[in-house]
Amino acid sequence: MVPLRRWVFANGIFISLGDSNVWGLSGGLILSSIPELSDRELHGLLSCAGRPVIVACFTQSCVPCKRMLPMLEDLGRRFSNRLKIVRMDVEKYPVIATTYDIAAVPTLLIVVDGTVRERVVGVVVLKDLLRKALEYASV
């Protein structure tokens, strides 16, 4: 029996979800246009951001997190002037997980003026992400 391969179109290229060296199924690299920040960079961004920030908290081994990545990239393109979207690996920076009480991934933190206004836990469909983005892009 031939294994079923799934492909996704991201960043202008096709990526096989079965290729762990590209997609990160075994802890490999995750390609994304969304910047991954360190804990220091995140604190700096949140303290002086002039627009709302969506922080996508993830781990390298989280398959649902990888499923949400193309939707977050789409959101970033649509709202690039009104929202900032960043990623944070909570395994690399466990202090962030503790500080923001991240108990499960994926978790999206919506931060306005340095304060977490909303927390979304689990996979969210694009329609719901767009609704949230529209709500906070006008803040």
# chains A, B, ... in the order shown; residues from 1 in each chain; ligands from 1

$ residues_around --residues "Pro52 (chain A)" --least-positions-apart "6" --cutoff "7 Å" --atoms "only C-alpha atoms" --output "VMD selection string"
chain A and resid 83 to 84 111 to 112 136 to 137

$ residues_around --residues "Pro35 (chain A)" --least-positions-apart "6" --cutoff "9 Å" --atoms "only C-alpha atoms" --output "number ranges by chain"
A: 85-88

$ write_last_selection --atoms "C-alpha atoms" --output "short mmCIF file (atom, residue, chain, number, x, y, z; two decimals), in the first residue's frame"
data_model
loop_
_atom_site.label_atom_id
_atom_site.label_comp_id
_atom_site.auth_asym_id
_atom_site.auth_seq_id
_atom_site.Cartn_x
_atom_site.Cartn_y
_atom_site.Cartn_z
CA ILE A 85 0.88 38.58 13.83
CA VAL A 86 3.80 36.75 15.45
CA ARG A 87 4.59 33.22 16.62
CA MET A 88 6.01 32.05 19.95
#

$ atom_distance --atom1 "CA of Phe58 (chain A)" --atom2 "CA of Glu36 (chain A)"
10.1 Å

$ residues_around --residues "Leu108 (chain A)" --least-positions-apart "3" --cutoff "10 Å" --atoms "only C-alpha atoms" --output "ChimeraX atom specification"
/A:53-58,85-88,102,105,111,118-124

$ closest_residue --among "A:Arg51, A:Arg77, A:Arg82, A:Lys66" --to "Leu134 (chain A)" --atoms "only C-alpha atoms"
A:Arg82

$ residues_around --residues "Lys92 (chain A)" --least-positions-apart "2" --cutoff "10 Å" --atoms "only C-alpha atoms" --output "ChimeraX atom specification"
/A:38-39,58-60,88-90,94-97

$ select_by_dssp --residues "region 27-129 of chain A" --states "strand (DSSP E)" --output "ChimeraX atom specification"
/A:53-58,84-89,107-112,115-121

$ write_last_selection --atoms "N, CA and C atoms" --output "mmCIF file, in the first residue's frame"
data_model
loop_
_atom_site.group_PDB
_atom_site.id
_atom_site.type_symbol
_atom_site.label_atom_id
_atom_site.label_comp_id
_atom_site.auth_asym_id
_atom_site.auth_seq_id
_atom_site.Cartn_x
_atom_site.Cartn_y
_atom_site.Cartn_z
ATOM 1 N N VAL A 53 -1.780 43.058 18.435
ATOM 2 C CA VAL A 53 -0.861 41.962 18.101
ATOM 3 C C VAL A 53 -1.562 40.642 18.376
ATOM 4 N N ILE A 54 -1.492 39.728 17.416
ATOM 5 C CA ILE A 54 -1.968 38.361 17.623
ATOM 6 C C ILE A 54 -0.731 37.499 17.803
ATOM 7 N N VAL A 55 -0.628 36.871 18.970
ATOM 8 C CA VAL A 55 0.504 35.999 19.279
ATOM 9 C C VAL A 55 0.018 34.565 19.155
ATOM 10 N N ALA A 56 0.577 33.836 18.199
ATOM 11 C CA ALA A 56 0.232 32.432 18.004
ATOM 12 C C ALA A 56 1.210 31.586 18.815
ATOM 13 N N CYS A 57 0.738 31.020 19.906
ATOM 14 C CA CYS A 57 1.572 30.176 20.764
ATOM 15 C C CYS A 57 1.497 28.745 20.238
ATOM 16 N N PHE A 58 2.646 28.128 20.009
ATOM 17 C CA PHE A 58 2.691 26.824 19.371
ATOM 18 C C PHE A 58 3.868 26.014 19.908
ATOM 19 N N LYS A 84 -0.554 43.042 13.809
ATOM 20 C CA LYS A 84 0.750 42.381 13.747
ATOM 21 C C LYS A 84 0.527 40.948 14.220
ATOM 22 N N ILE A 85 1.006 39.979 13.451
ATOM 23 C CA ILE A 85 0.877 38.576 13.832
ATOM 24 C C ILE A 85 2.270 37.998 14.003
ATOM 25 N N VAL A 86 2.509 37.368 15.154
ATOM 26 C CA VAL A 86 3.804 36.754 15.454
ATOM 27 C C VAL A 86 3.570 35.365 16.037
ATOM 28 N N ARG A 87 4.645 34.564 16.050
ATOM 29 C CA ARG A 87 4.590 33.217 16.623
ATOM 30 C C ARG A 87 5.530 33.134 17.820
ATOM 31 N N MET A 88 5.174 32.267 18.769
ATOM 32 C CA MET A 88 6.005 32.048 19.950
ATOM 33 C C MET A 88 6.007 30.556 20.262
ATOM 34 N N ASP A 89 7.189 29.942 20.255
ATOM 35 C CA ASP A 89 7.332 28.525 20.598
ATOM 36 C C ASP A 89 7.393 28.412 22.118
ATOM 37 N N THR A 107 -2.729 28.252 20.899
ATOM 38 C CA THR A 107 -3.421 29.312 21.622
ATOM 39 C C THR A 107 -3.066 30.634 20.961
ATOM 40 N N LEU A 108 -4.068 31.418 20.664
ATOM 41 C CA LEU A 108 -3.861 32.756 20.118
ATOM 42 C C LEU A 108 -4.148 33.768 21.216
ATOM 43 N N LEU A 109 -3.206 34.662 21.435
ATOM 44 C CA LEU A 109 -3.403 35.763 22.371
ATOM 45 C C LEU A 109 -3.610 37.024 21.549
ATOM 46 N N ILE A 110 -4.675 37.739 21.806
ATOM 47 C CA ILE A 110 -4.915 38.998 21.118
ATOM 48 C C ILE A 110 -4.586 40.092 22.123
ATOM 49 N N VAL A 111 -3.534 40.844 21.815
ATOM 50 C CA VAL A 111 -2.989 41.829 22.745
ATOM 51 C C VAL A 111 -3.192 43.226 22.168
ATOM 52 N N VAL A 112 -3.792 44.108 22.990
ATOM 53 C CA VAL A 112 -4.011 45.500 22.609
ATOM 54 C C VAL A 112 -3.432 46.370 23.716
ATOM 55 N N THR A 115 -2.019 44.632 26.829
ATOM 56 C CA THR A 115 -2.919 43.826 27.652
ATOM 57 C C THR A 115 -3.575 42.747 26.807
ATOM 58 N N VAL A 116 -3.588 41.519 27.332
ATOM 59 C CA VAL A 116 -4.264 40.427 26.631
ATOM 60 C C VAL A 116 -5.763 40.681 26.730
ATOM 61 N N ARG A 117 -6.373 40.948 25.575
ATOM 62 C CA ARG A 117 -7.807 41.225 25.535
ATOM 63 C C ARG A 117 -8.621 39.957 25.318
ATOM 64 N N GLU A 118 -7.995 38.995 24.607
ATOM 65 C CA GLU A 118 -8.729 37.767 24.304
ATOM 66 C C GLU A 118 -7.755 36.617 24.105
ATOM 67 N N ARG A 119 -8.224 35.425 24.435
ATOM 68 C CA ARG A 119 -7.443 34.187 24.301
ATOM 69 C C ARG A 119 -8.316 33.195 23.531
ATOM 70 N N VAL A 120 -7.763 32.627 22.464
ATOM 71 C CA VAL A 120 -8.475 31.639 21.662
ATOM 72 C C VAL A 120 -7.654 30.355 21.709
ATOM 73 N N VAL A 121 -8.254 29.291 22.245
ATOM 74 C CA VAL A 121 -7.544 28.024 22.400
ATOM 75 C C VAL A 121 -8.096 27.018 21.407
#

$ atom_distance --atom1 "CA of Gly114 (chain A)" --atom2 "CA of Arg67 (chain A)"
27.5 Å
